[in-house]
file final.tsv (TSV, C-alpha atoms)
chain	number	residue	atom	x	y	z
A	1	MET	CA	-8.43	6.85	-20.59
A	2	LYS	CA	-4.84	5.87	-21.10
A	3	PHE	CA	-1.77	7.01	-19.17
A	4	ILE	CA	1.81	6.06	-18.36
A	5	HIS	CA	3.05	5.56	-14.81
A	6	THR	CA	6.80	5.81	-14.28
A	7	ALA	CA	9.13	6.77	-11.43
A	8	ASP	CA	12.75	6.78	-10.32
A	9	LEU	CA	14.28	7.88	-13.62
A	10	HIS	CA	17.56	8.66	-11.83
A	11	LEU	CA	18.82	10.64	-14.80
A	12	ASP	CA	22.60	11.00	-14.81
A	13	SER	CA	23.17	8.11	-12.44
A	14	PRO	CA	26.96	7.90	-11.88
A	15	PHE	CA	27.29	4.09	-12.25
A	16	ARG	CA	30.20	4.06	-9.83
A	17	GLY	CA	32.90	1.43	-10.18
A	18	LEU	CA	32.36	0.86	-13.91
A	19	ASP	CA	34.77	3.42	-15.36
A	20	GLU	CA	37.45	0.86	-16.30
A	21	MET	CA	35.83	-0.29	-19.52
A	22	PRO	CA	36.04	0.63	-23.21
A	23	ALA	CA	34.75	4.11	-24.02
A	24	GLN	CA	31.96	2.68	-26.19
A	25	ILE	CA	30.63	0.59	-23.32
A	26	TRP	CA	30.96	3.38	-20.77
A	27	GLN	CA	29.08	5.78	-23.04
A	28	ARG	CA	26.26	3.28	-23.45
A	29	VAL	CA	26.08	2.69	-19.71
A	30	HIS	CA	26.24	6.40	-18.86
A	31	GLN	CA	23.48	7.24	-21.34
A	32	SER	CA	21.22	4.34	-20.36
A	33	THR	CA	19.01	6.28	-17.91
A	34	PHE	CA	18.51	8.97	-20.55
A	35	THR	CA	17.74	6.42	-23.26
A	36	ALA	CA	15.20	4.62	-21.06
A	37	PHE	CA	13.23	7.81	-20.41
A	38	GLU	CA	13.41	8.83	-24.06
A	39	ARG	CA	11.82	5.48	-24.93
A	40	ILE	CA	9.03	6.19	-22.45
A	41	VAL	CA	8.36	9.55	-24.11
A	42	ASP	CA	8.40	7.83	-27.51
A	43	ALA	CA	5.81	5.35	-26.23
A	44	ALA	CA	3.64	8.13	-24.80
A	45	ILE	CA	3.56	9.87	-28.16
A	46	ASN	CA	3.02	6.69	-30.17
A	47	GLN	CA	0.30	5.45	-27.81
A	48	GLN	CA	-1.31	8.92	-27.67
A	49	VAL	CA	-1.72	8.71	-23.90
A	50	ASP	CA	-3.81	11.25	-22.01
A	51	PHE	CA	-1.10	12.05	-19.45
A	52	ILE	CA	2.06	10.80	-17.70
A	53	LEU	CA	2.66	10.36	-13.97
A	54	ILE	CA	6.30	10.58	-12.78
A	55	VAL	CA	6.50	9.68	-9.09
A	56	GLY	CA	9.76	11.03	-7.71
A	57	ASP	CA	13.51	10.80	-8.25
A	58	ILE	CA	13.63	12.26	-11.72
A	59	TYR	CA	17.28	13.03	-11.01
A	60	ASP	CA	19.82	10.89	-9.21
A	61	ARG	CA	21.02	13.68	-6.91
A	62	ASP	CA	19.58	16.86	-5.47
A	63	HIS	CA	22.42	18.79	-7.15
A	64	HIS	CA	21.93	17.33	-10.62
A	65	SER	CA	23.84	18.19	-13.76
A	66	ALA	CA	22.80	20.77	-16.34
A	67	GLU	CA	22.93	17.96	-18.90
A	68	ALA	CA	20.29	15.97	-17.03
A	69	GLU	CA	17.99	18.97	-16.55
A	70	ASP	CA	18.30	20.07	-20.18
A	71	PHE	CA	17.51	16.55	-21.36
A	72	PHE	CA	14.43	16.28	-19.14
A	73	VAL	CA	13.12	19.65	-20.31
A	74	ARG	CA	13.60	18.66	-23.96
A	75	GLN	CA	11.62	15.45	-23.45
A	76	CYS	CA	8.82	17.37	-21.74
A	77	GLN	CA	8.79	19.80	-24.64
A	78	ARG	CA	8.31	16.88	-27.03
A	79	LEU	CA	5.27	15.88	-24.97
A	80	ALA	CA	4.02	19.47	-24.93
A	81	LYS	CA	3.97	19.53	-28.73
A	82	GLN	CA	1.63	16.52	-28.57
A	83	GLN	CA	-0.46	18.17	-25.84
A	84	ILE	CA	0.37	15.44	-23.32
A	85	PRO	CA	0.43	16.76	-19.73
A	86	VAL	CA	2.99	15.54	-17.21
A	87	TYR	CA	2.32	15.32	-13.48
A	88	LEU	CA	5.45	14.93	-11.40
A	89	SER	CA	6.59	14.87	-7.80
A	90	TYR	CA	10.13	15.04	-6.46
A	91	GLY	CA	11.44	12.25	-4.24
A	92	ASN	CA	14.20	11.67	-1.71
A	93	HIS	CA	16.97	11.89	-4.32
A	94	ASP	CA	15.89	15.14	-6.00
A	95	TYR	CA	14.10	16.75	-3.05
A	96	GLN	CA	13.67	20.52	-3.24
A	97	PRO	CA	11.37	23.30	-2.06
A	98	VAL	CA	8.49	23.77	-4.50
A	99	THR	CA	6.91	27.18	-4.02
A	100	GLU	CA	5.53	27.85	-7.51
A	101	GLN	CA	5.65	26.56	-11.09
A	102	ILE	CA	9.29	25.92	-12.01
A	103	ASP	CA	10.24	28.33	-14.80
A	104	SER	CA	12.53	25.93	-16.65
A	105	LEU	CA	9.72	23.43	-17.28
A	106	PRO	CA	7.19	23.83	-20.10
A	107	ASN	CA	3.57	24.59	-19.23
A	108	ASN	CA	2.41	21.00	-19.75
A	109	VAL	CA	4.40	19.94	-16.65
A	110	HIS	CA	2.53	20.15	-13.34
A	111	VAL	CA	4.74	19.87	-10.25
A	112	PHE	CA	3.31	18.91	-6.87
A	113	GLY	CA	4.28	21.10	-3.95
A	114	ASN	CA	5.79	20.02	-0.65
A	115	GLN	CA	2.36	19.63	0.92
A	116	VAL	CA	-0.24	17.13	-0.28
A	117	GLU	CA	-2.39	18.72	-2.96
A	118	THR	CA	-4.79	17.70	-5.72
A	119	LYS	CA	-4.63	18.67	-9.39
A	120	THR	CA	-7.48	18.05	-11.82
A	121	LEU	CA	-7.54	17.23	-15.50
A	122	THR	CA	-10.42	17.04	-17.97
A	123	LEU	CA	-9.94	14.50	-20.76
A	124	ALA	CA	-11.04	14.82	-24.38
A	125	ASP	CA	-14.18	12.79	-23.61
A	126	ASP	CA	-15.01	15.15	-20.70
A	127	GLN	CA	-14.09	12.62	-18.02
A	128	THR	CA	-12.41	14.25	-15.03
A	129	VAL	CA	-9.26	12.98	-13.33
A	130	ALA	CA	-8.15	14.08	-9.86
A	131	ILE	CA	-4.47	13.47	-9.08
A	132	THR	CA	-3.21	13.87	-5.51
A	133	GLY	CA	0.44	13.92	-4.49
A	134	PHE	CA	3.36	15.83	-2.94
A	135	SER	CA	7.08	16.47	-3.42
A	136	TYR	CA	9.84	15.88	-0.89
A	137	GLY	CA	11.21	19.09	0.57
A	138	LYS	CA	13.96	17.21	2.41
A	139	ARG	CA	15.77	13.90	2.03
A	140	TRP	CA	13.88	12.01	4.72
A	141	LEU	CA	10.13	12.09	5.39
A	142	VAL	CA	9.53	10.00	8.50
A	143	GLU	CA	5.88	11.03	8.87
A	144	ASP	CA	3.10	9.01	7.24
A	145	GLN	CA	1.70	11.24	4.51
A	146	VAL	CA	-1.31	9.16	3.50
A	147	ASN	CA	-3.53	10.56	6.24
A	148	LYS	CA	-3.17	13.94	4.51
A	149	PHE	CA	-4.63	12.58	1.26
A	150	PRO	CA	-8.35	13.37	0.87
A	151	GLU	CA	-10.97	10.69	0.40
A	152	LYS	CA	-12.07	10.09	-3.17
A	153	GLY	CA	-14.18	12.99	-4.41
A	154	THR	CA	-16.57	13.51	-7.31
A	155	ALA	CA	-14.04	13.12	-10.15
A	156	ASP	CA	-14.54	10.19	-12.52
A	157	TRP	CA	-11.07	8.92	-11.68
A	158	GLN	CA	-8.97	9.52	-8.56
A	159	MET	CA	-5.21	8.86	-8.66
A	160	GLY	CA	-2.74	8.96	-5.78
A	161	MET	CA	0.98	9.62	-6.32
A	162	LEU	CA	3.19	8.47	-3.44
A	163	HIS	CA	6.99	8.16	-3.40
A	164	GLY	CA	7.57	6.02	-0.35
A	165	ALA	CA	8.05	2.62	1.25
A	166	ILE	CA	5.81	0.25	3.18
A	167	SER	CA	6.19	0.92	6.90
A	168	GLN	CA	8.48	-1.41	8.83
A	169	ASN	CA	7.22	-0.07	12.16
A	170	ASN	CA	10.81	0.88	12.92
A	171	PRO	CA	11.80	4.56	13.29
A	172	ASP	CA	15.38	3.69	12.31
A	173	GLN	CA	14.19	2.43	8.90
A	174	ASP	CA	10.99	4.34	8.09
A	175	HIS	CA	12.59	7.35	6.42
A	176	TYR	CA	10.64	7.53	3.18
A	177	ALA	CA	7.00	8.52	3.68
A	178	PRO	CA	6.08	5.16	5.28
A	179	PHE	CA	2.63	3.76	4.54
A	180	THR	CA	0.58	0.62	4.85
A	181	LEU	CA	-1.48	-1.01	2.12
A	182	PRO	CA	-4.74	-1.00	4.13
A	183	GLU	CA	-4.58	2.77	4.62
A	184	LEU	CA	-4.13	3.27	0.88
A	185	LEU	CA	-7.17	1.10	0.16
A	186	GLN	CA	-9.27	3.02	2.70
A	187	LYS	CA	-9.03	6.12	0.48
A	188	LYS	CA	-11.07	4.34	-2.25
A	189	TYR	CA	-8.81	5.68	-5.01
A	190	ASP	CA	-8.92	4.12	-8.48
A	191	TYR	CA	-5.12	3.90	-8.80
A	192	TRP	CA	-2.12	4.37	-6.55
A	193	ALA	CA	1.01	5.34	-8.50
A	194	LEU	CA	3.97	4.54	-6.25
A	195	GLY	CA	7.67	5.31	-6.52
A	196	HIS	CA	10.92	4.67	-4.60
A	197	ILE	CA	11.23	0.86	-4.86
A	198	HIS	CA	13.26	-0.06	-7.93
A	199	LYS	CA	11.59	-3.40	-8.68
A	200	HIS	CA	8.34	-3.32	-10.63
A	201	GLN	CA	5.50	-4.97	-8.72
A	202	VAL	CA	1.75	-4.81	-8.24
A	203	LEU	CA	0.89	-4.64	-4.54
A	204	ASN	CA	-2.87	-4.82	-5.10
A	205	GLU	CA	-5.07	-5.62	-8.09
A	206	GLU	CA	-8.38	-3.90	-7.29
A	207	PRO	CA	-7.75	-1.07	-6.97
A	208	LEU	CA	-4.33	-1.15	-8.57
A	209	VAL	CA	-1.43	-0.23	-6.28
A	210	VAL	CA	1.71	-0.28	-8.41
A	211	TYR	CA	5.46	0.24	-8.19
A	212	PRO	CA	6.80	0.65	-11.74
A	213	GLY	CA	10.42	0.23	-10.61
A	214	ASN	CA	13.11	2.32	-12.25
A	215	PRO	CA	13.25	2.34	-16.07
A	216	GLN	CA	16.94	1.41	-16.03
A	217	GLY	CA	18.68	-0.77	-13.44
A	218	ARG	CA	21.70	1.05	-12.03
A	219	HIS	CA	23.76	-1.84	-10.66
A	220	LYS	CA	23.89	-5.60	-10.26
A	221	ASN	CA	21.29	-5.65	-7.48
A	222	GLU	CA	18.78	-4.10	-9.90
A	223	ASP	CA	18.80	-6.97	-12.36
A	224	GLY	CA	16.04	-8.20	-14.64
A	225	GLN	CA	13.70	-6.17	-16.82
A	226	HIS	CA	12.98	-2.52	-16.09
A	227	GLY	CA	10.42	-0.22	-17.64
A	228	TYR	CA	7.08	1.49	-16.98
A	229	TYR	CA	3.36	0.68	-16.74
A	230	LEU	CA	0.80	1.52	-19.41
A	231	VAL	CA	-2.56	1.94	-17.68
A	232	GLN	CA	-5.87	1.89	-19.56
A	233	SER	CA	-9.53	2.07	-18.60
A	234	ASN	CA	-12.12	-0.46	-19.66
A	235	SER	CA	-15.53	0.70	-18.53
A	236	ASP	CA	-15.04	1.38	-14.81
A	237	LYS	CA	-11.92	-0.78	-14.42
A	238	LEU	CA	-8.23	-0.02	-14.90
A	239	THR	CA	-5.63	-2.46	-16.22
A	240	ALA	CA	-1.86	-2.01	-15.99
A	241	GLU	CA	0.62	-3.60	-18.39
A	242	PHE	CA	4.36	-3.59	-17.75
A	243	LYS	CA	6.47	-2.38	-20.68
A	244	PRO	CA	10.26	-2.95	-20.61
A	245	VAL	CA	12.45	-0.14	-21.97
A	246	ALA	CA	15.86	-0.50	-20.30
A	247	PRO	CA	18.66	-0.44	-22.89
A	248	ILE	CA	20.91	-2.38	-20.51
A	249	GLU	CA	19.97	-5.40	-18.41
A	250	TRP	CA	22.06	-6.68	-15.52
A	251	CYS	CA	22.08	-10.44	-15.20
A	252	GLU	CA	23.90	-13.43	-13.71
A	253	ILE	CA	24.87	-16.54	-15.66
A	254	ASP	CA	26.07	-19.83	-14.18
A	255	ALA	CA	29.18	-21.47	-15.62
A	256	HIS	CA	30.29	-24.95	-14.52
A	257	LEU	CA	33.98	-25.89	-14.56
A	258	THR	CA	35.10	-29.45	-15.17
A	259	HIS	CA	38.22	-30.85	-13.55
A	260	ASP	CA	40.22	-30.90	-16.80
A	261	GLN	CA	39.17	-27.49	-18.12
A	262	THR	CA	41.97	-25.18	-19.22
A	263	VAL	CA	41.93	-21.42	-18.79
A	264	ASP	CA	41.54	-20.93	-22.56
A	265	SER	CA	38.61	-23.34	-22.74
A	266	LEU	CA	37.00	-21.61	-19.77
A	267	ILE	CA	37.25	-18.24	-21.54
A	268	GLU	CA	35.76	-19.73	-24.70
A	269	MET	CA	32.89	-21.18	-22.69
A	270	LEU	CA	32.18	-17.79	-21.08
A	271	LEU	CA	32.32	-16.07	-24.47
A	272	HIS	CA	29.79	-18.53	-25.86
A	273	LYS	CA	27.44	-18.01	-22.91
A	274	GLY	CA	27.59	-14.23	-23.30
A	275	GLU	CA	27.02	-14.34	-27.04
A	276	ALA	CA	23.89	-16.43	-26.51
A	277	GLU	CA	22.15	-13.59	-24.66
A	278	ASP	CA	19.64	-11.32	-26.41
A	279	GLY	CA	20.02	-7.55	-26.09
A	280	PHE	CA	22.86	-5.69	-24.41
A	281	LYS	CA	23.59	-7.09	-20.97
A	282	MET	CA	26.03	-6.47	-18.17
A	283	ILE	CA	26.89	-10.00	-17.09
A	284	ALA	CA	28.18	-11.41	-13.82
A	285	PHE	CA	29.32	-15.00	-14.24
A	286	ASN	CA	28.86	-17.34	-11.28
A	287	VAL	CA	31.60	-19.90	-11.75
A	288	HIS	CA	30.86	-23.27	-10.16
A	289	LEU	CA	34.06	-24.80	-8.81
A	290	THR	CA	34.72	-28.40	-7.85
A	291	ASP	CA	37.51	-29.84	-5.74
A	292	GLN	CA	39.12	-31.19	-8.92
A	293	VAL	CA	39.67	-27.75	-10.49
A	294	ASN	CA	43.38	-27.04	-10.47
A	295	ALA	CA	44.87	-24.46	-8.12
A	296	LEU	CA	46.14	-22.21	-10.94
A	297	THR	CA	42.68	-21.79	-12.44
A	298	LYS	CA	41.28	-20.96	-9.00
A	299	LYS	CA	43.99	-18.38	-8.46
A	300	LEU	CA	43.48	-16.74	-11.86
A	301	LEU	CA	39.76	-16.54	-11.18
A	302	ALA	CA	40.30	-15.06	-7.73
A	303	ASN	CA	42.84	-12.39	-8.73
A	304	GLY	CA	40.83	-11.14	-11.71
A	305	THR	CA	43.15	-12.38	-14.46
A	306	ILE	CA	40.51	-14.45	-16.25
A	307	LEU	CA	38.03	-11.58	-16.15
A	308	GLU	CA	40.66	-9.25	-17.64
A	309	ARG	CA	41.47	-11.75	-20.40
A	310	LEU	CA	37.77	-12.17	-21.17
A	311	GLN	CA	37.32	-8.40	-21.43
A	312	GLU	CA	40.47	-8.04	-23.57
A	313	ASN	CA	39.16	-10.72	-25.93
A	314	LEU	CA	35.94	-8.79	-26.48
A	315	SER	CA	37.83	-5.51	-26.90
A	316	GLU	CA	40.12	-7.00	-29.52
A	317	LYS	CA	37.13	-8.27	-31.46
A	318	GLY	CA	35.34	-4.94	-31.08
A	319	ASP	CA	32.33	-7.01	-29.97
A	320	TYR	CA	30.33	-4.87	-27.59
A	321	GLN	CA	26.96	-6.62	-27.62
A	322	TRP	CA	27.49	-7.56	-23.97
A	323	TRP	CA	30.05	-6.94	-21.26
A	324	PRO	CA	31.31	-9.13	-18.38
A	325	TYR	CA	31.85	-6.97	-15.31
A	326	GLN	CA	32.31	-9.61	-12.63
A	327	LEU	CA	33.33	-13.24	-12.06
A	328	ASN	CA	32.11	-14.86	-8.83
A	329	PHE	CA	32.86	-18.16	-7.24
A	330	LEU	CA	29.68	-20.14	-6.72
A	331	LYS	CA	27.99	-19.00	-3.51
A	332	GLY	CA	28.13	-22.54	-2.24
A	333	THR	CA	31.92	-22.78	-2.66
A	334	ALA	CA	33.39	-24.40	0.42
A	335	LEU	CA	35.21	-22.16	2.86
A	336	PRO	CA	38.75	-23.03	3.92
A	337	LYS	CA	38.76	-26.12	6.07
A	338	MET	CA	38.03	-25.31	9.71
A	339	THR	CA	37.92	-27.26	12.88
A	340	ASP	CA	34.50	-27.57	14.47
A	341	LEU	CA	35.51	-24.88	16.96
A	342	ASP	CA	36.69	-22.50	14.20
A	343	GLN	CA	33.44	-23.01	12.31
A	344	GLU	CA	31.44	-22.26	15.45
A	345	TYR	CA	33.37	-18.99	15.96
A	346	TRP	CA	32.87	-18.03	12.30
A	347	ASP	CA	29.12	-18.68	12.43
A	348	GLN	CA	28.75	-16.65	15.64
A	349	SER	CA	30.90	-13.81	14.32
A	350	ALA	CA	28.92	-13.67	11.07
A	351	GLN	CA	25.71	-13.22	13.07
A	352	ASP	CA	27.25	-10.46	15.19
A	353	VAL	CA	28.94	-8.58	12.36
A	354	PHE	CA	26.65	-9.01	9.36
A	355	ASN	CA	23.45	-7.38	10.55
A	356	GLN	CA	21.96	-4.02	9.64
A	357	ASP	CA	22.49	-2.39	13.04
A	358	ALA	CA	26.19	-3.28	13.04
A	359	VAL	CA	26.67	-2.03	9.49
A	360	ILE	CA	24.93	1.28	10.26
A	361	ASP	CA	27.03	1.73	13.42
A	362	LEU	CA	30.17	1.10	11.40
A	363	ALA	CA	29.14	3.61	8.74
A	364	ASP	CA	28.56	6.21	11.47
A	365	LYS	CA	28.69	9.75	10.04
A	366	LEU	CA	28.91	8.53	6.44
A	367	ALA	CA	25.17	7.85	6.64
A	368	LYS	CA	24.52	11.59	6.37
A	369	TYR	CA	25.27	11.31	2.64
A	370	GLY	CA	22.10	10.42	0.77
A	371	PHE	CA	23.46	7.78	-1.58
A	372	ILE	CA	25.13	5.96	1.34
A	373	ALA	CA	22.00	6.16	3.50
A	374	ASP	CA	19.97	4.65	0.68
A	375	GLN	CA	22.40	1.74	0.35
A	376	LEU	CA	22.37	1.15	4.12
A	377	ALA	CA	18.57	0.95	4.01
A	378	ASP	CA	18.69	-1.79	1.39
A	379	PRO	CA	17.96	-5.11	3.17
A	380	SER	CA	20.05	-7.02	0.60
A	381	LEU	CA	23.22	-5.16	1.63
A	382	VAL	CA	23.92	-7.30	4.71
A	383	GLU	CA	23.59	-10.57	2.80
A	384	GLN	CA	25.86	-9.23	0.06
A	385	LEU	CA	28.55	-8.28	2.63
A	386	ARG	CA	28.31	-11.70	4.23
A	387	TYR	CA	28.66	-13.38	0.84
A	388	GLU	CA	31.65	-11.27	-0.21
A	389	ALA	CA	33.40	-12.01	3.09
A	390	SER	CA	32.93	-15.74	2.54
A	391	GLN	CA	34.27	-15.32	-1.01
A	392	LYS	CA	37.43	-13.67	0.32
A	393	LEU	CA	37.95	-16.52	2.75
A	394	GLY	CA	37.56	-18.98	-0.10
A	395	GLU	CA	39.95	-17.35	-2.57
A	396	GLY	CA	43.02	-19.33	-1.63
A	397	ASP	CA	43.67	-22.96	-2.58
A	398	HIS	CA	41.72	-25.02	-0.04
A	399	ASP	CA	44.40	-27.71	0.23
A	400	GLU	CA	47.01	-25.12	1.19
A	401	ASN	CA	44.88	-23.43	3.88

call {"tool": "encode", "arguments": {"input": "final.tsv", "output": "structure tokens"}}
result
Amino acid sequence: MKFIHTADLHLDSPFRGLDEMPAQIWQRVHQSTFTAFERIVDAAINQQVDFILIVGDIYDRDHHSAEAEDFFVRQCQRLAKQQIPVYLSYGNHDYQPVTEQIDSLPNNVHVFGNQVETKTLTLADDQTVAITGFSYGKRWLVEDQVNKFPEKGTADWQMGMLHGAISQNNPDQDHYAPFTLPELLQKKYDYWALGHIHKHQVLNEEPLVVYPGNPQGRHKNEDGQHGYYLVQSNSDKLTAEFKPVAPIEWCEIDAHLTHDQTVDSLIEMLLHKGEAEDGFKMIAFNVHLTDQVNALTKKLLANGTILERLQENLSEKGDYQWWPYQLNFLKGTALPKMTDLDQEYWDQSAQDVFNQDAVIDLADKLAKYGFIADQLADPSLVEQLRYEASQKLGEGDHDEN
């Protein structure tokens, strides 16, 4: 048996905040989620897999574009021609009522309803596979769904599909079908195909409990490689191998300034670092400053001038093998000089302001919008806000403040 496990395609992701870039780059970025899934379908056909599991969030929004739906249908039709069945569930981004087979999808696509159900498949070698899962009918599912999954039955292989997050034992955070690893293991399934978390990771080896992550990172916090898992049987054991497919990788690169470095030499250094990367990457440069760096260079870094000049240089060359989208001061850059009392007030204020409860209270009614609620639930958000605040404090020339 051989199958592909993927999730969180987020087709037609808007990639907000990246529209001020050359058309060629924007087109590549905009198409990246489509390209990543097309590569997965290519792999399924080339590998002659028995089936594909897609565990939620096929689309980025519940009201997705006709372009995204047409593309997904075309890819499923390619799989249908190769007699490769697709088993999919909808997640918190593309939630919808599922009452019967969706007419727009070809017959090889099997959609799970809003209640936990099991679908069976007989392979070419007469082995039977039972696949249990469900689709979101609303954006939030606060109830643990695992207790509705049946124990392993008589099928040769039992798979569970679950779009959700590990329980935090906090009703203010457990919005996405919360579960615990022990309760998954109690079901005695052969494989748990998870979705929702965008970083690929194996939560358990035997049996395999796997998040494939999303095939294409959508912003700087989704850096590193993204792809899918190819799962194969060997006797009575399953192995899962991660396969990267993302056409764009987000990454950070450190750049160290010396005290006598000119703006032009800094730009040349950044160009060299970008050109040394393999594959197309969206790059954020972390610029390490020292006290000896002159005030003008600091100011041009802080106001975006150096980033603009770097981007203009690449545009003039027509060199679009990578793209710098951000320049950061080193996270350890000293804040403006403070008295001991000022520093004490800053430290206390940072604790009071930069915590998840305070951020959610500040967002207030905006949290009703799905994409904002998802960002608020991200534990890295608070640390990012704290960092950006410290960067703003550090933008001026330290000797003048």

call {"tool": "residues_around", "arguments": {"input": "final.tsv", "residues": "A:Glu117", "least_positions_apart": "6", "cutoff": "9 Å", "atoms": "only C-alpha atoms", "output": "VMD selection string"}}
result
chain A and resid 131 to 134 148 to 150

call {"tool": "closest_residue", "arguments": {"input": "final.tsv", "among": "A:Gln96, A:Leu257, A:Asp278, A:Asn313", "to": "A:Gln292", "atoms": "all atoms listed in the file"}}
result
A:Leu257

call {"tool": "closest_atom_pairs", "arguments": {"input": "final.tsv", "of": "stretch 224-343 of chain A", "to": "stretch 50-74 of chain A", "cutoff": "12 Å", "atoms": "all atoms listed in the file", "output": "Markdown table"}}
result
| residue | atom | partner | partner_atom | distance |
| --- | --- | --- | --- | --- |
| A:Tyr228 | CA | A:Ile54 | CA | 10.0 |
| A:Tyr229 | CA | A:Leu53 | CA | 10.1 |
| A:Leu230 | CA | A:Ile52 | CA | 9.5 |
| A:Val231 | CA | A:Ile52 | CA | 10.0 |
| A:Gln232 | CA | A:Asp50 | CA | 9.9 |
| A:Ser233 | CA | A:Asp50 | CA | 11.3 |

call {"tool": "atom_distance", "arguments": {"input": "final.tsv", "atom1": "atom CA of A:Tyr90", "atom2": "atom CA of A:Gly137"}}
result
8.2 Å

call {"tool": "atom_distance", "arguments": {"input": "final.tsv", "atom1": "atom CA of A:Pro244", "atom2": "atom CA of A:Gly195"}}
result
16.5 Å

call {"tool": "residues_around", "arguments": {"input": "final.tsv", "residues": "A:Trp157", "least_positions_apart": "2", "cutoff": "9 Å", "atoms": "only C-alpha atoms", "output": "VMD selection string"}}
result
chain A and resid 127 to 131 152 to 155 159 189 to 191

call {"tool": "closest_residue", "arguments": {"input": "final.tsv", "among": "A:Ala240, A:Leu271, A:Ile40, A:Leu11", "to": "A:His200", "atoms": "all atoms listed in the file"}}
result
A:Ala240

call {"tool": "atom_distance", "arguments": {"input": "final.tsv", "atom1": "atom CA of A:Thr180", "atom2": "atom CA of A:Gln115"}}
result
19.5 Å

call {"tool": "residues_around", "arguments": {"input": "final.tsv", "residues": "A:Ile102", "least_positions_apart": "5", "cutoff": "12 Å", "atoms": "only C-alpha atoms", "output": "PDB file with C-alpha atoms, keeping the file's coordinate frame"}}
result
ATOM      1  CA  VAL A  73      13.120  19.650 -20.310  1.00  0.00           C
ATOM      2  CA  LEU A  88       5.450  14.930 -11.400  1.00  0.00           C
ATOM      3  CA  GLN A  96      13.670  20.520  -3.240  1.00  0.00           C
ATOM      4  CA  PRO A  97      11.370  23.300  -2.060  1.00  0.00           C
ATOM      5  CA  ASN A 107       3.570  24.590 -19.230  1.00  0.00           C
ATOM      6  CA  ASN A 108       2.410  21.000 -19.750  1.00  0.00           C
ATOM      7  CA  VAL A 109       4.400  19.940 -16.650  1.00  0.00           C
ATOM      8  CA  HIS A 110       2.530  20.150 -13.340  1.00  0.00           C
ATOM      9  CA  VAL A 111       4.740  19.870 -10.250  1.00  0.00           C
ATOM     10  CA  PHE A 112       3.310  18.910  -6.870  1.00  0.00           C
ATOM     11  CA  GLY A 113       4.280  21.100  -3.950  1.00  0.00           C
TER      12      GLY A 113
END

call {"tool": "closest_atom_pairs", "arguments": {"input": "final.tsv", "of": "stretch 185-279 of chain A", "to": "stretch 317-325 of chain A", "cutoff": "8 Å", "atoms": "all atoms listed in the file", "output": "Markdown table"}}
result
| residue | atom | partner | partner_atom | distance |
| --- | --- | --- | --- | --- |
| A:Gly274 | CA | A:Trp322 | CA | 6.7 |
| A:Glu275 | CA | A:Trp322 | CA | 7.5 |
| A:Gly279 | CA | A:Gln321 | CA | 7.2 |

call {"tool": "build_atoms", "arguments": {"input": "final.tsv", "residues": "stretch 214-222 of chain A", "atoms": "N, CA, C and O atoms", "output": "PDB file, keeping the file's coordinate frame"}}
result
ATOM      1  N   ASN A 214      12.413   1.302 -11.450  1.00  0.00           N
ATOM      2  CA  ASN A 214      13.110   2.320 -12.250  1.00  0.00           C
ATOM      3  C   ASN A 214      13.236   1.835 -13.696  1.00  0.00           C
ATOM      4  O   ASN A 214      13.362   0.639 -13.954  1.00  0.00           O
ATOM      5  N   PRO A 215      13.196   2.754 -14.662  1.00  0.00           N
ATOM      6  CA  PRO A 215      13.250   2.340 -16.070  1.00  0.00           C
ATOM      7  C   PRO A 215      14.563   1.699 -16.479  1.00  0.00           C
ATOM      8  O   PRO A 215      14.608   0.967 -17.464  1.00  0.00           O
ATOM      9  N   GLN A 216      15.633   1.987 -15.726  1.00  0.00           N
ATOM     10  CA  GLN A 216      16.940   1.410 -16.030  1.00  0.00           C
ATOM     11  C   GLN A 216      17.612   0.986 -14.727  1.00  0.00           C
ATOM     12  O   GLN A 216      17.826   1.801 -13.836  1.00  0.00           O
ATOM     13  N   GLY A 217      17.937  -0.316 -14.596  1.00  0.00           N
ATOM     14  CA  GLY A 217      18.680  -0.770 -13.440  1.00  0.00           C
ATOM     15  C   GLY A 217      20.038  -0.120 -13.378  1.00  0.00           C
ATOM     16  O   GLY A 217      20.718   0.016 -14.393  1.00  0.00           O
ATOM     17  N   ARG A 218      20.463   0.273 -12.169  1.00  0.00           N
ATOM     18  CA  ARG A 218      21.700   1.050 -12.030  1.00  0.00           C
ATOM     19  C   ARG A 218      22.897   0.235 -11.564  1.00  0.00           C
ATOM     20  O   ARG A 218      24.013   0.720 -11.589  1.00  0.00           O
ATOM     21  N   HIS A 219      22.661  -0.988 -11.115  1.00  0.00           N
ATOM     22  CA  HIS A 219      23.760  -1.840 -10.660  1.00  0.00           C
ATOM     23  C   HIS A 219      23.279  -3.274 -10.584  1.00  0.00           C
ATOM     24  O   HIS A 219      22.108  -3.565 -10.859  1.00  0.00           O
ATOM     25  N   LYS A 220      24.161  -4.167 -10.190  1.00  0.00           N
ATOM     26  CA  LYS A 220      23.890  -5.600 -10.260  1.00  0.00           C
ATOM     27  C   LYS A 220      22.716  -6.038  -9.387  1.00  0.00           C
ATOM     28  O   LYS A 220      22.091  -7.065  -9.666  1.00  0.00           O
ATOM     29  N   ASN A 221      22.419  -5.279  -8.327  1.00  0.00           N
ATOM     30  CA  ASN A 221      21.290  -5.650  -7.480  1.00  0.00           C
ATOM     31  C   ASN A 221      19.951  -5.215  -8.064  1.00  0.00           C
ATOM     32  O   ASN A 221      18.906  -5.491  -7.482  1.00  0.00           O
ATOM     33  N   GLU A 222      19.992  -4.502  -9.202  1.00  0.00           N
ATOM     34  CA  GLU A 222      18.780  -4.100  -9.900  1.00  0.00           C
ATOM     35  C   GLU A 222      18.719  -4.831 -11.244  1.00  0.00           C
ATOM     36  O   GLU A 222      18.669  -4.223 -12.306  1.00  0.00           O
TER      37      GLU A 222
END
